[in-house]
Amino acid sequence: MGVVKVGDWSKAAALLGRAARGMNSSIDRALRAEAQGLRTEIVTGLTDQAPGGSPIRELAPSTLAARRLAGFRGTKALIRRADLRNAITVVSRGLAVFVGVPRKTVRGKDLVDIAKENEFGFGPIVIRVTTRMRRFLAVLLREMGGERREAAEGGGSGVVIIHIPERPFLRPAFERWRVGARERFLRRIGSDLFKV
């Protein structure tokens, strides 16, 4: 039994040789493109307040009142100065890629800790009320439409308990992005390797 070659074997050999030489570069480019796609999904989700199509829990009336008192009229959760959103980054090392919030401090706070506390929720946080804080709470209560007298009189235990509710923004974005990720990745590699 003999083998019969059909077609342009020299062209096929050149194409496969080029593909073998460029495999790492193609994988690297495909990884970076997918990572940028995930970053875009996270950032867009924060901006639109619906990462992965899941609405972010709205801010509490007390948080909105505190923002108004500070001269900030925005109502979006997780976006006051956009430090967290702008910190979402892609870091590539070899054939490994990181997408998320780096260990970076902005205005004295670690953004990775802020991201974690909001992604999974945090608390309770117990804060002892000082005289200055009591005055602030009275003004805050009035801003919310309550009576100033209640907070100014100082009844209660002398502590404020805060709980940061879960506001996932990474997990829902990742779940949406990963649908079809394998196929996109392989298609990117294939189109990069076999450019005509």
# chains A, B, ... in the order shown; residues from 1 in each chain; ligands from 1
$ closest_atom_pairs --of "stretch 37-147 of chain A" --to "stretch 22-30 of chain A" --cutoff "9 Å" --atoms "only C-alpha atoms" --output "tab-separated table"
residue	atom	partner	partner_atom	distance
A:Ser92	CA	A:Asp28	CA	8.8
A:Gly94	CA	A:Asp28	CA	7.6
A:Leu95	CA	A:Asp28	CA	5.9
A:Ala96	CA	A:Asp28	CA	8.5
$ write_last_selection --atoms "N, CA and C atoms" --output "CSV table (one decimal), in the first residue's frame"
chain,number,residue,atom,x,y,z
A,92,SER,N,0.4,40.8,33.8
A,92,SER,CA,0.8,39.6,33.1
A,92,SER,C,2.3,39.2,33.4
A,94,GLY,N,4.7,36.1,32.2
A,94,GLY,CA,4.9,34.9,31.5
A,94,GLY,C,3.5,34.5,30.9
A,95,LEU,N,3.2,33.3,31.1
A,95,LEU,CA,1.9,32.8,30.6
A,95,LEU,C,0.8,32.7,31.7
A,96,ALA,N,1.0,33.6,32.7
A,96,ALA,CA,0.0,33.8,33.8
A,96,ALA,C,-0.5,35.2,33.8
$ select_by_dssp --residues "chain A" --states "helix (DSSP H, G or I)" --output "MDAnalysis selection string"
chainID A and resid 9:21 23:48 51:53 61:69 83:87 111:120 131:143 148:153 171:178 181:193
$ closest_residue --among "A:Thr47, A:Gln36, A:Thr105, A:Ser62" --to "A:Ala138" --atoms "only C-alpha atoms"
A:Ser62
$ residues_around --residues "stretch 120-129 of chain A" --least-positions-apart "3" --cutoff "9 Å" --atoms "only C-alpha atoms" --output "MDAnalysis selection string"
chainID A and resid 115:117 132:134 157:168
$ residues_around --residues "A:Ala35" --least-positions-apart "2" --cutoff "7 Å" --atoms "only C-alpha atoms" --output "NGL selection string"
:A and (31-33 or 37-39 or 90 or 97 or 99)
$ write_last_selection --atoms "C-alpha atoms" --output "CSV table (one decimal), in the first residue's frame"
chain,number,residue,atom,x,y,z
A,31,LEU,CA,-4.4,35.5,27.4
A,32,ARG,CA,-3.9,39.2,27.5
A,33,ALA,CA,-7.0,39.8,25.3
A,37,GLY,CA,-12.1,41.4,28.4
A,38,LEU,CA,-12.6,40.4,32.0
A,39,ARG,CA,-11.3,43.8,33.3
A,90,VAL,CA,-4.4,43.3,34.4
A,97,VAL,CA,-2.4,36.7,34.1
A,99,VAL,CA,-7.1,40.4,36.8
$ atom_distance --atom1 "atom CA of A:Lys5" --atom2 "atom CA of A:Gly190"
24.9 Å
$ residues_around --residues "A:Asp48" --least-positions-apart "2" --cutoff "12 Å" --atoms "only C-alpha atoms" --output "PyMOL selection string"
chain A and resi 40-46+50-56+75-79+85+169+173
$ select_by_dssp --residues "chain A" --states "strand (DSSP E or B)" --output "count of residues only"
27
